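Participant: This is work_4.pdb, which holds PDB, C-alpha atoms:
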```
ATOM      1  CA  MET S   1       0.000   0.000   0.000  1.00  0.00           C
ATOM      2  CA  MET S   2       1.378   3.434  -0.939  1.00  0.00           C
ATOM      3  CA  ALA S   3       2.100   5.670   2.054  1.00  0.00           C
ATOM      4  CA  MET S   4      -0.128   8.738   2.107  1.00  0.00           C
ATOM      5  CA  LEU S   5       2.744  11.208   1.602  1.00  0.00           C
ATOM      6  CA  THR S   6       4.610   9.304  -1.102  1.00  0.00           C
ATOM      7  CA  GLY S   7       5.890  11.750  -3.707  1.00  0.00           C
ATOM      8  CA  LYS S   8       5.651  14.743  -1.346  1.00  0.00           C
ATOM      9  CA  VAL S   9       8.552  16.923  -0.182  1.00  0.00           C
ATOM     10  CA  ALA S  10       8.380  18.074   3.432  1.00  0.00           C
ATOM     11  CA  VAL S  11      10.529  20.699   5.148  1.00  0.00           C
ATOM     12  CA  VAL S  12      10.836  20.598   8.943  1.00  0.00           C
ATOM     13  CA  ILE S  13      12.468  23.658  10.500  1.00  0.00           C
ATOM     14  CA  GLY S  14      13.854  22.717  13.893  1.00  0.00           C
ATOM     15  CA  GLY S  15      13.839  19.003  13.196  1.00  0.00           C
ATOM     16  CA  THR S  16      16.839  17.722  15.129  1.00  0.00           C
ATOM     17  CA  ARG S  17      15.351  16.649  18.459  1.00  0.00           C
ATOM     18  CA  GLY S  18      12.158  16.395  20.474  1.00  0.00           C
ATOM     19  CA  ILE S  19       8.960  17.323  18.675  1.00  0.00           C
ATOM     20  CA  GLY S  20      10.766  18.263  15.462  1.00  0.00           C
ATOM     21  CA  ALA S  21      12.595  14.936  15.233  1.00  0.00           C
ATOM     22  CA  ALA S  22       9.377  13.022  15.935  1.00  0.00           C
ATOM     23  CA  ILE S  23       7.612  14.945  13.166  1.00  0.00           C
ATOM     24  CA  GLY S  24      10.463  14.209  10.761  1.00  0.00           C
ATOM     25  CA  ARG S  25      10.325  10.500  11.571  1.00  0.00           C
ATOM     26  CA  ARG S  26       6.565  10.388  11.118  1.00  0.00           C
ATOM     27  CA  LEU S  27       6.525  12.262   7.801  1.00  0.00           C
ATOM     28  CA  ALA S  28       9.319  10.061   6.473  1.00  0.00           C
ATOM     29  CA  ALA S  29       7.417   6.960   7.618  1.00  0.00           C
ATOM     30  CA  ASP S  30       4.382   8.288   5.740  1.00  0.00           C
ATOM     31  CA  GLY S  31       6.466   8.440   2.568  1.00  0.00           C
ATOM     32  CA  ALA S  32       7.617  12.052   2.309  1.00  0.00           C
ATOM     33  CA  ALA S  33      11.079  13.077   1.166  1.00  0.00           C
ATOM     34  CA  LEU S  34      12.418  15.211   3.982  1.00  0.00           C
ATOM     35  CA  ALA S  35      14.512  18.349   4.398  1.00  0.00           C
ATOM     36  CA  LEU S  36      15.698  19.090   7.928  1.00  0.00           C
ATOM     37  CA  ILE S  37      16.810  22.643   8.707  1.00  0.00           C
ATOM     38  CA  HIS S  38      18.631  22.972  12.020  1.00  0.00           C
ATOM     39  CA  LEU S  39      20.713  25.516  13.907  1.00  0.00           C
ATOM     40  CA  SER S  40      23.627  23.906  15.708  1.00  0.00           C
ATOM     41  CA  ARG S  41      23.191  20.212  16.525  1.00  0.00           C
ATOM     42  CA  SER S  42      24.787  18.965  13.350  1.00  0.00           C
ATOM     43  CA  ASP S  43      25.800  15.575  14.764  1.00  0.00           C
ATOM     44  CA  GLU S  44      22.249  14.859  15.911  1.00  0.00           C
ATOM     45  CA  ALA S  45      20.834  16.053  12.592  1.00  0.00           C
ATOM     46  CA  GLN S  46      23.140  13.722  10.680  1.00  0.00           C
ATOM     47  CA  GLN S  47      22.335  10.819  13.003  1.00  0.00           C
ATOM     48  CA  LEU S  48      18.628  11.340  12.415  1.00  0.00           C
ATOM     49  CA  ALA S  49      19.181  11.605   8.676  1.00  0.00           C
ATOM     50  CA  SER S  50      21.184   8.363   8.697  1.00  0.00           C
ATOM     51  CA  GLU S  51      18.428   6.636  10.646  1.00  0.00           C
ATOM     52  CA  LEU S  52      15.779   7.743   8.177  1.00  0.00           C
ATOM     53  CA  ARG S  53      17.893   6.865   5.148  1.00  0.00           C
ATOM     54  CA  ALA S  54      18.479   3.400   6.591  1.00  0.00           C
ATOM     55  CA  GLY S  55      14.714   3.029   6.593  1.00  0.00           C
ATOM     56  CA  GLY S  56      14.514   3.969   2.932  1.00  0.00           C
ATOM     57  CA  GLY S  57      13.857   7.685   3.341  1.00  0.00           C
ATOM     58  CA  GLU S  58      15.279  10.485   1.228  1.00  0.00           C
ATOM     59  CA  VAL S  59      16.690  13.178   3.517  1.00  0.00           C
ATOM     60  CA  LEU S  60      18.474  16.489   2.974  1.00  0.00           C
ATOM     61  CA  VAL S  61      20.072  18.269   5.949  1.00  0.00           C
ATOM     62  CA  ARG S  62      20.847  21.974   5.952  1.00  0.00           C
ATOM     63  CA  GLN S  63      22.203  24.155   8.750  1.00  0.00           C
ATOM     64  CA  ALA S  64      20.919  27.703   9.066  1.00  0.00           C
ATOM     65  CA  ASP S  65      20.346  30.332  11.725  1.00  0.00           C
ATOM     66  CA  ILE S  66      16.700  31.078  10.978  1.00  0.00           C
ATOM     67  CA  ALA S  67      16.982  34.434  12.755  1.00  0.00           C
ATOM     68  CA  ASP S  68      19.193  35.417   9.800  1.00  0.00           C
ATOM     69  CA  VAL S  69      16.753  35.962   6.931  1.00  0.00           C
ATOM     70  CA  PRO S  70      19.287  35.539   4.094  1.00  0.00           C
ATOM     71  CA  ALA S  71      20.504  32.277   5.677  1.00  0.00           C
ATOM     72  CA  LEU S  72      16.961  30.944   5.998  1.00  0.00           C
ATOM     73  CA  VAL S  73      16.084  31.948   2.443  1.00  0.00           C
ATOM     74  CA  ALA S  74      19.259  30.317   1.129  1.00  0.00           C
ATOM     75  CA  ALA S  75      18.465  27.059   2.942  1.00  0.00           C
ATOM     76  CA  LEU S  76      14.948  26.973   1.518  1.00  0.00           C
ATOM     77  CA  ASP S  77      16.265  27.780  -1.960  1.00  0.00           C
ATOM     78  CA  GLU S  78      18.662  24.831  -1.627  1.00  0.00           C
ATOM     79  CA  VAL S  79      15.789  22.549  -0.648  1.00  0.00           C
ATOM     80  CA  ALA S  80      13.691  23.668  -3.619  1.00  0.00           C
ATOM     81  CA  ALA S  81      16.647  23.259  -5.988  1.00  0.00           C
ATOM     82  CA  HIS S  82      17.439  19.791  -4.658  1.00  0.00           C
ATOM     83  CA  PHE S  83      13.922  18.364  -4.712  1.00  0.00           C
ATOM     84  CA  GLY S  84      12.376  20.561  -7.396  1.00  0.00           C
ATOM     85  CA  ARG S  85       9.544  21.757  -5.183  1.00  0.00           C
ATOM     86  CA  ILE S  86       8.165  21.975  -1.626  1.00  0.00           C
ATOM     87  CA  ASP S  87       4.804  20.443  -0.692  1.00  0.00           C
ATOM     88  CA  ILE S  88       4.808  20.611   3.109  1.00  0.00           C
ATOM     89  CA  LEU S  89       6.302  23.101   5.569  1.00  0.00           C
ATOM     90  CA  VAL S  90       6.374  22.469   9.317  1.00  0.00           C
ATOM     91  CA  CYS S  91       7.887  25.219  11.507  1.00  0.00           C
ATOM     92  CA  VAL S  92       8.905  23.881  14.914  1.00  0.00           C
ATOM     93  CA  ALA S  93      11.979  25.871  15.950  1.00  0.00           C
ATOM     94  CA  GLY S  94      11.492  28.354  18.747  1.00  0.00           C
ATOM     95  CA  LEU S  95      13.388  30.521  21.198  1.00  0.00           C
ATOM     96  CA  ALA S  96      12.345  31.067  24.807  1.00  0.00           C
ATOM     97  CA  ILE S  97      13.759  33.987  26.765  1.00  0.00           C
ATOM     98  CA  THR S  98      11.984  34.119  30.108  1.00  0.00           C
ATOM     99  CA  GLY S  99      12.291  36.122  33.293  1.00  0.00           C
ATOM    100  CA  SER S 100      10.837  39.037  35.172  1.00  0.00           C
ATOM    101  CA  LEU S 101       9.621  41.946  33.097  1.00  0.00           C
ATOM    102  CA  ASP S 102      12.466  44.212  34.182  1.00  0.00           C
ATOM    103  CA  SER S 103      15.124  41.578  33.463  1.00  0.00           C
ATOM    104  CA  TYR S 104      14.776  41.370  29.683  1.00  0.00           C
ATOM    105  CA  ALA S 105      17.833  42.557  27.782  1.00  0.00           C
ATOM    106  CA  PRO S 106      17.246  45.438  25.337  1.00  0.00           C
ATOM    107  CA  ASP S 107      17.499  43.062  22.370  1.00  0.00           C
ATOM    108  CA  ALA S 108      15.348  40.294  23.866  1.00  0.00           C
ATOM    109  CA  PHE S 109      12.204  41.267  21.963  1.00  0.00           C
ATOM    110  CA  ASP S 110      13.985  41.342  18.614  1.00  0.00           C
ATOM    111  CA  ARG S 111      15.752  38.033  19.263  1.00  0.00           C
ATOM    112  CA  VAL S 112      12.588  36.178  20.255  1.00  0.00           C
ATOM    113  CA  PHE S 113      10.404  37.590  17.495  1.00  0.00           C
ATOM    114  CA  ALA S 114      13.106  36.998  14.871  1.00  0.00           C
ATOM    115  CA  VAL S 115      12.971  33.249  15.553  1.00  0.00           C
ATOM    116  CA  ASN S 116       9.385  32.715  16.677  1.00  0.00           C
ATOM    117  CA  VAL S 117       7.531  35.062  14.312  1.00  0.00           C
ATOM    118  CA  ARG S 118       9.638  36.464  11.491  1.00  0.00           C
ATOM    119  CA  ALA S 119      11.273  33.150  10.577  1.00  0.00           C
ATOM    120  CA  PRO S 120       7.956  31.253  10.228  1.00  0.00           C
ATOM    121  CA  PHE S 121       6.581  34.128   8.130  1.00  0.00           C
ATOM    122  CA  VAL S 122       9.589  34.164   5.808  1.00  0.00           C
ATOM    123  CA  ALA S 123       9.577  30.366   5.590  1.00  0.00           C
ATOM    124  CA  ALA S 124       5.872  30.295   4.728  1.00  0.00           C
ATOM    125  CA  GLN S 125       6.330  33.020   2.131  1.00  0.00           C
ATOM    126  CA  LYS S 126       9.218  31.175   0.459  1.00  0.00           C
ATOM    127  CA  ALA S 127       7.725  27.692   0.708  1.00  0.00           C
ATOM    128  CA  ALA S 128       4.298  28.763  -0.555  1.00  0.00           C
ATOM    129  CA  ALA S 129       5.944  30.103  -3.714  1.00  0.00           C
ATOM    130  CA  GLN S 130       7.115  26.535  -4.405  1.00  0.00           C
ATOM    131  CA  MET S 131       3.831  24.824  -3.556  1.00  0.00           C
ATOM    132  CA  SER S 132       1.156  23.617  -5.915  1.00  0.00           C
ATOM    133  CA  ALA S 133      -2.448  22.759  -5.033  1.00  0.00           C
ATOM    134  CA  GLY S 134      -2.591  20.541  -1.972  1.00  0.00           C
ATOM    135  CA  GLY S 135       0.315  22.265  -0.222  1.00  0.00           C
ATOM    136  CA  ARG S 136       0.380  22.236   3.550  1.00  0.00           C
ATOM    137  CA  ILE S 137       1.790  24.644   6.156  1.00  0.00           C
ATOM    138  CA  VAL S 138       1.785  23.791   9.861  1.00  0.00           C
ATOM    139  CA  MET S 139       3.072  26.096  12.570  1.00  0.00           C
ATOM    140  CA  VAL S 140       3.963  24.470  15.883  1.00  0.00           C
ATOM    141  CA  GLY S 141       3.437  27.006  18.656  1.00  0.00           C
ATOM    142  CA  SER S 142       2.604  26.604  22.327  1.00  0.00           C
ATOM    143  CA  ILE S 143      -0.459  26.531  24.558  1.00  0.00           C
ATOM    144  CA  VAL S 144       1.320  29.343  26.459  1.00  0.00           C
ATOM    145  CA  ALA S 145      -0.070  31.592  23.713  1.00  0.00           C
ATOM    146  CA  ASP S 146      -3.498  31.144  25.314  1.00  0.00           C
ATOM    147  CA  ARG S 147      -2.743  30.336  28.939  1.00  0.00           C
ATOM    148  CA  ALA S 148       0.317  31.737  30.681  1.00  0.00           C
ATOM    149  CA  PRO S 149       1.287  29.182  33.340  1.00  0.00           C
ATOM    150  CA  GLY S 150       2.901  31.760  35.607  1.00  0.00           C
ATOM    151  CA  ASP S 151       5.101  34.805  35.610  1.00  0.00           C
ATOM    152  CA  GLY S 152       8.144  35.269  33.420  1.00  0.00           C
ATOM    153  CA  VAL S 153       6.637  34.286  30.065  1.00  0.00           C
ATOM    154  CA  THR S 154       5.434  37.635  28.699  1.00  0.00           C
ATOM    155  CA  LEU S 155       7.750  37.763  25.704  1.00  0.00           C
ATOM    156  CA  TYR S 156       7.520  34.076  24.812  1.00  0.00           C
ATOM    157  CA  ALA S 157       3.721  34.077  25.112  1.00  0.00           C
ATOM    158  CA  ALA S 158       3.434  37.195  22.956  1.00  0.00           C
ATOM    159  CA  SER S 159       5.531  35.645  20.193  1.00  0.00           C
ATOM    160  CA  LYS S 160       3.566  32.405  20.209  1.00  0.00           C
ATOM    161  CA  ALA S 161       0.246  34.271  20.219  1.00  0.00           C
ATOM    162  CA  ALA S 162       1.349  36.029  17.023  1.00  0.00           C
ATOM    163  CA  LEU S 163       1.332  32.666  15.228  1.00  0.00           C
ATOM    164  CA  GLY S 164      -2.438  32.477  15.536  1.00  0.00           C
ATOM    165  CA  GLY S 165      -3.020  35.620  13.520  1.00  0.00           C
ATOM    166  CA  MET S 166      -0.317  34.658  11.065  1.00  0.00           C
ATOM    167  CA  THR S 167      -1.859  31.246  10.473  1.00  0.00           C
ATOM    168  CA  ARG S 168      -5.318  32.662   9.882  1.00  0.00           C
ATOM    169  CA  GLY S 169      -3.889  35.218   7.466  1.00  0.00           C
ATOM    170  CA  LEU S 170      -1.973  32.539   5.568  1.00  0.00           C
ATOM    171  CA  ALA S 171      -5.125  30.448   5.314  1.00  0.00           C
ATOM    172  CA  ARG S 172      -6.935  33.344   3.647  1.00  0.00           C
ATOM    173  CA  ASP S 173      -4.030  34.283   1.399  1.00  0.00           C
ATOM    174  CA  LEU S 174      -3.407  30.738   0.196  1.00  0.00           C
ATOM    175  CA  GLY S 175      -6.863  29.197   0.213  1.00  0.00           C
ATOM    176  CA  ALA S 176      -7.599  30.066  -3.395  1.00  0.00           C
ATOM    177  CA  ARG S 177      -4.555  27.993  -4.356  1.00  0.00           C
ATOM    178  CA  ASP S 178      -5.815  25.008  -2.313  1.00  0.00           C
ATOM    179  CA  ILE S 179      -2.965  25.383   0.195  1.00  0.00           C
ATOM    180  CA  THR S 180      -3.826  25.009   3.873  1.00  0.00           C
ATOM    181  CA  ALA S 181      -2.261  26.596   6.955  1.00  0.00           C
ATOM    182  CA  ASN S 182      -2.892  25.414  10.502  1.00  0.00           C
ATOM    183  CA  LEU S 183      -1.453  25.894  13.984  1.00  0.00           C
ATOM    184  CA  VAL S 184      -0.655  23.193  16.545  1.00  0.00           C
ATOM    185  CA  GLN S 185      -0.248  24.306  20.179  1.00  0.00           C
ATOM    186  CA  PRO S 186       1.293  21.667  22.438  1.00  0.00           C
ATOM    187  CA  GLY S 187       1.035  21.716  26.185  1.00  0.00           C
ATOM    188  CA  PRO S 188       3.553  19.900  28.415  1.00  0.00           C
ATOM    189  CA  ILE S 189       5.369  17.404  26.173  1.00  0.00           C
ATOM    190  CA  ASP S 190       8.039  15.021  27.443  1.00  0.00           C
ATOM    191  CA  THR S 191      11.150  16.325  25.676  1.00  0.00           C
ATOM    192  CA  GLU S 192      14.677  17.349  26.598  1.00  0.00           C
ATOM    193  CA  ARG S 193      13.414  20.868  27.276  1.00  0.00           C
ATOM    194  CA  ASN S 194      10.501  19.778  29.475  1.00  0.00           C
ATOM    195  CA  PRO S 195      11.104  16.236  30.760  1.00  0.00           C
ATOM    196  CA  ALA S 196       8.296  14.346  32.446  1.00  0.00           C
ATOM    197  CA  ASP S 197      10.592  13.770  35.425  1.00  0.00           C
ATOM    198  CA  GLY S 198      11.958  17.307  35.554  1.00  0.00           C
ATOM    199  CA  PRO S 199      11.877  19.622  38.584  1.00  0.00           C
ATOM    200  CA  HIS S 200       8.698  21.411  37.456  1.00  0.00           C
ATOM    201  CA  ALA S 201       6.937  18.417  35.889  1.00  0.00           C
ATOM    202  CA  ALA S 202       4.340  17.917  38.621  1.00  0.00           C
ATOM    203  CA  GLU S 203       3.195  21.541  38.550  1.00  0.00           C
ATOM    204  CA  ASN S 204       3.110  21.436  34.753  1.00  0.00           C
ATOM    205  CA  ARG S 205       0.719  18.493  34.899  1.00  0.00           C
ATOM    206  CA  ALA S 206      -1.486  19.923  37.648  1.00  0.00           C
ATOM    207  CA  PRO S 207      -3.858  21.878  35.322  1.00  0.00           C
ATOM    208  CA  LEU S 208      -4.323  18.974  32.919  1.00  0.00           C
ATOM    209  CA  ALA S 209      -7.359  16.727  32.553  1.00  0.00           C
ATOM    210  CA  ILE S 210      -5.049  13.895  31.469  1.00  0.00           C
ATOM    211  CA  ARG S 211      -2.452  13.955  34.236  1.00  0.00           C
ATOM    212  CA  ARG S 212       0.652  13.086  32.272  1.00  0.00           C
ATOM    213  CA  HIS S 213       3.035  14.723  29.858  1.00  0.00           C
ATOM    214  CA  GLY S 214       2.235  14.236  26.204  1.00  0.00           C
ATOM    215  CA  THR S 215       4.703  12.600  23.864  1.00  0.00           C
ATOM    216  CA  ALA S 216       6.463  14.037  20.847  1.00  0.00           C
ATOM    217  CA  GLU S 217       4.970  11.187  18.827  1.00  0.00           C
ATOM    218  CA  GLU S 218       1.457  12.317  19.733  1.00  0.00           C
ATOM    219  CA  VAL S 219       2.211  15.804  18.424  1.00  0.00           C
ATOM    220  CA  ALA S 220       3.733  14.256  15.299  1.00  0.00           C
ATOM    221  CA  GLY S 221       0.560  12.247  14.757  1.00  0.00           C
ATOM    222  CA  LEU S 222      -1.556  15.397  14.766  1.00  0.00           C
ATOM    223  CA  VAL S 223       0.818  17.153  12.368  1.00  0.00           C
ATOM    224  CA  ALA S 224       0.820  14.090  10.092  1.00  0.00           C
ATOM    225  CA  TYR S 225      -2.961  14.261   9.881  1.00  0.00           C
ATOM    226  CA  LEU S 226      -2.973  17.988   9.101  1.00  0.00           C
ATOM    227  CA  VAL S 227      -0.517  17.566   6.220  1.00  0.00           C
ATOM    228  CA  SER S 228      -2.317  14.524   4.824  1.00  0.00           C
ATOM    229  CA  PRO S 229      -4.836  14.483   1.967  1.00  0.00           C
ATOM    230  CA  ALA S 230      -7.552  13.751   4.545  1.00  0.00           C
ATOM    231  CA  ALA S 231      -7.195  17.272   5.992  1.00  0.00           C
ATOM    232  CA  GLY S 232      -7.731  19.173   2.767  1.00  0.00           C
ATOM    233  CA  PHE S 233     -10.765  21.094   4.085  1.00  0.00           C
ATOM    234  CA  ILE S 234      -9.084  22.215   7.332  1.00  0.00           C
ATOM    235  CA  THR S 235      -7.346  25.577   7.271  1.00  0.00           C
ATOM    236  CA  GLY S 236      -6.868  28.558   9.544  1.00  0.00           C
ATOM    237  CA  ALA S 237      -7.492  26.308  12.555  1.00  0.00           C
ATOM    238  CA  THR S 238      -5.710  26.040  15.895  1.00  0.00           C
ATOM    239  CA  TYR S 239      -5.348  22.609  17.479  1.00  0.00           C
ATOM    240  CA  ASN S 240      -4.443  22.423  21.171  1.00  0.00           C
ATOM    241  CA  ILE S 241      -2.730  19.170  22.090  1.00  0.00           C
ATOM    242  CA  ASP S 242      -2.420  19.854  25.787  1.00  0.00           C
ATOM    243  CA  GLY S 243      -4.019  17.060  27.814  1.00  0.00           C
ATOM    244  CA  GLY S 244      -7.084  19.199  28.467  1.00  0.00           C
ATOM    245  CA  TRP S 245      -5.305  22.245  29.887  1.00  0.00           C
ATOM    246  CA  SER S 246      -7.490  24.429  27.663  1.00  0.00           C
ATOM    247  CA  ALA S 247     -10.709  22.540  28.484  1.00  0.00           C
TER     248      ALA S 247
END
```
Could you spell out this file's structure in structure tokens?
Facilitator:
Amino acid sequence: MMAMLTGKVAVVIGGTRGIGAAIGRRLAADGAALALIHLSRSDEAQQLASELRAGGGEVLVRQADIADVPALVAALDEVAAHFGRIDILVCVAGLAITGSLDSYAPDAFDRVFAVNVRAPFVAAQKAAAQMSAGGRIVMVGSIVADRAPGDGVTLYAASKAALGGMTRGLARDLGARDITANLVQPGPIDTERNPADGPHAAENRAPLAIRRHGTAEEVAGLVAYLVSPAAGFITGATYNIDGGWSA
């Protein structure tokens, strides 16, 4: 049986570890050729690529600082030149600078928004130019956009909230071309950044209806659905995968 993404080219930005790596594995398992754009963990990116190639996947790895617009554009141009097109874009990479309101450095706003807002916009703009009908864009944000868990997250929450408006705008701009754009907002997910046995894990789980951390594979499953042919009539939507925190 042909996998549902056979013949598609997927780009995952921030695909080296955690949620991004799980998404890459799932899309490759579903048949997509994969481009992984990462910042600094080159060894891990190559290990993941080798794993996926051993399973029969076609994988391209490119390093780029996505806060640097020319570097991001160049990486996406390389992907398009290598594969001939882009069908799926998943933006996972993010930067969290947290702390009290008076502790933010003067450049903190620009640094956070460059990665969390400008980079997804530029990536969507570039990728959409390569997409034909049936293209898919998925932004991976955070439930913190809707529910701040405590103090110290003002800047991070603001940047993730911006993805909601961006996604809805993309859905309108690209709908006539039969390209969808959707937003996935995870809650506490068991990753290196937020381990299920970490020092704040219990308080992270306290507001949830399902009292456990989610898994990166569960997030990947939702993304896989949204980029599949089955989700062709879903666009401009926000999906919270947060164990019921938003219930």
Participant: Kindly give the distance, in Å, that separates atom CA of S:Ala96 and atom CA of S:Val59, rounded to a single decimal.
Facilitator: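 Computed distance, atom CA of S:Ala96 to atom CA of S:Val59, equals 28.1 Å.
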Participant: Can you build me a table of stretch 39-111 of chain S residues sitting at most 8 Å from stretch 5-16 of chain S, with the closest atom pair per residue and its distance in Å to one decimal, using all atoms listed in the file, sorted by chain and residue number, as JSON lines?
Facilitator:
```
{"residue": "S:Leu39", "atom": "CA", "partner": "S:Gly14", "partner_atom": "CA", "distance": 7.4}
{"residue": "S:Arg41", "atom": "CA", "partner": "S:Thr16", "partner_atom": "CA", "distance": 7.0}
{"residue": "S:Glu44", "atom": "CA", "partner": "S:Thr16", "partner_atom": "CA", "distance": 6.2}
{"residue": "S:Ala45", "atom": "CA", "partner": "S:Thr16", "partner_atom": "CA", "distance": 5.0}
{"residue": "S:Leu48", "atom": "CA", "partner": "S:Thr16", "partner_atom": "CA", "distance": 7.2}
{"residue": "S:Phe83", "atom": "CA", "partner": "S:Val9", "partner_atom": "CA", "distance": 7.2}
{"residue": "S:Arg85", "atom": "CA", "partner": "S:Val9", "partner_atom": "CA", "distance": 7.0}
{"residue": "S:Ile86", "atom": "CA", "partner": "S:Val9", "partner_atom": "CA", "distance": 5.3}
{"residue": "S:Asp87", "atom": "CA", "partner": "S:Val9", "partner_atom": "CA", "distance": 5.2}
{"residue": "S:Ile88", "atom": "CA", "partner": "S:Ala10", "partner_atom": "CA", "distance": 4.4}
{"residue": "S:Leu89", "atom": "CA", "partner": "S:Val11", "partner_atom": "CA", "distance": 4.9}
{"residue": "S:Val90", "atom": "CA", "partner": "S:Val12", "partner_atom": "CA", "distance": 4.9}
{"residue": "S:Cys91", "atom": "CA", "partner": "S:Ile13", "partner_atom": "CA", "distance": 4.9}
{"residue": "S:Val92", "atom": "CA", "partner": "S:Gly14", "partner_atom": "CA", "distance": 5.2}
{"residue": "S:Ala93", "atom": "CA", "partner": "S:Gly14", "partner_atom": "CA", "distance": 4.2}
{"residue": "S:Gly94", "atom": "CA", "partner": "S:Gly14", "partner_atom": "CA", "distance": 7.8}
```
Participant: Name the residues in contact with stretch 136-140 of chain S at a cut-off of 8 Å, using all atoms listed in the file, excluding same-chain residues fewer than 4 positions from it; report them as number ranges by chain.
Facilitator: S: 87-92, 120, 124, 163, 167, 179-186, 223, 226-227
Participant: Once the PyMOL selection byres ((chain S and resi 216) around 9) has been evaluated on this model, what residues remain selected, and can you format them as a tab-separated table (two decimals) with C-alpha atoms, in the coordinates of the input?
Facilitator:
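Below is the file part-v9.tsv, written as the result:
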```tsv
chain	number	residue	atom	x	y	z
S	18	GLY	CA	12.16	16.40	20.47
S	19	ILE	CA	8.96	17.32	18.68
S	20	GLY	CA	10.77	18.26	15.46
S	21	ALA	CA	12.60	14.94	15.23
S	22	ALA	CA	9.38	13.02	15.94
S	23	ILE	CA	7.61	14.94	13.17
S	189	ILE	CA	5.37	17.40	26.17
S	190	ASP	CA	8.04	15.02	27.44
S	191	THR	CA	11.15	16.32	25.68
S	214	GLY	CA	2.24	14.24	26.20
S	215	THR	CA	4.70	12.60	23.86
S	217	GLU	CA	4.97	11.19	18.83
S	218	GLU	CA	1.46	12.32	19.73
S	219	VAL	CA	2.21	15.80	18.42
S	220	ALA	CA	3.73	14.26	15.30
S	221	GLY	CA	0.56	12.25	14.76
```
Participant: Looking at all atoms listed in the file, which of S:Asp43, S:Asp110, S:Asp178, S:Asp68 is the one that sits closest to S:Ser132?
Facilitator: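 The closest residue to S:Ser132 is S:Asp178.
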Participant: Which residue, S:Gly175, S:Pro70, S:Gly164, S:Gly99, has the smallest gap to S:Ala123 when you use all atoms listed in the file?
Facilitator: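 Among the listed residues, S:Pro70 lies closest to S:Ala123.
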Participant: The PyMOL selection byres ((chain S and resi 69) around 10) - which residues does that actually catch in the file I just gave you? List them as a list in words.
Facilitator: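 That selection, the PyMOL selection byres ((chain S and resi 69) around 10), comes back as Ala64, Asp65, Ile66, Ala67, Asp68, Pro70, Ala71, Leu72, Val73, Ala74, Ala75, Ala114, Val115, Arg118, Ala119, Val122 and Ala123 of chain S.
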Participant: Can you turn the PyMOL selection byres ((chain S and resi 31) around 6) into a concrete residue list for this file, as a PyMOL selection string?
Facilitator: chain S and resi 3+5-6+28-30+32
Participant: Using all atoms listed in the file, pick whichever of S:His38, S:His213, S:Arg53, S:Lys160 has the shortest atom-to-atom distance to S:Gly198.
Facilitator: S:His213
Participant: What is the distance between atom CA of S:Leu36 and atom CA of S:Arg172, in Å to one decimal?
Facilitator: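 Computed distance, atom CA of S:Leu36 to atom CA of S:Arg172, equals 27.1 Å.
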Participant: Just the number, please: distance in Å from atom CA of S:Val61 to atom CA of S:Ala35, one decimal.
Facilitator: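 We find that atom CA of S:Val61 and atom CA of S:Ala35 lie 5.8 Å from each other.
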Participant: Go through S:Leu222, S:Val153, S:Thr238, S:Gly244 one by one, measure the shortest atom-to-atom distance of each to S:Gly141 using all atoms listed in the file, and give the residue with the smallest value.
Facilitator: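 Ranking S:Leu222, S:Val153, S:Thr238, S:Gly244 by distance to S:Gly141, first place goes to S:Thr238.
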Participant: Between S:Asn116, S:Pro207, S:Ala133, S:Lys126, which has the minimum distance to S:Ala161 (counting all atoms listed in the file)?
Facilitator: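 With all atoms listed in the file as the atom set, the closest residue is S:Asn116.
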Participant: Select, from S:Ala209, S:Val112, S:Ala196, S:Ala127, the residue with the minimum atom-to-atom distance to S:Ala157, counting all atoms listed in the file.
Facilitator: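 Looking only at the distances to S:Ala157, the closest residue turns out to be S:Val112.
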Participant: Residues proximal to (3.4, 26.3, 26.8) were defined as those with any atom within 8 Å of that point in the file's coordinates, counting only C-alpha atoms. Which are they, as a list in words?
Facilitator: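 Every residue inside that radius is included here: Ser142, Ile143, Val144, Ala145, Arg147, Ala148, Pro149, Ala157, Gln185, Pro186, Gly187 and Pro188 of chain S.
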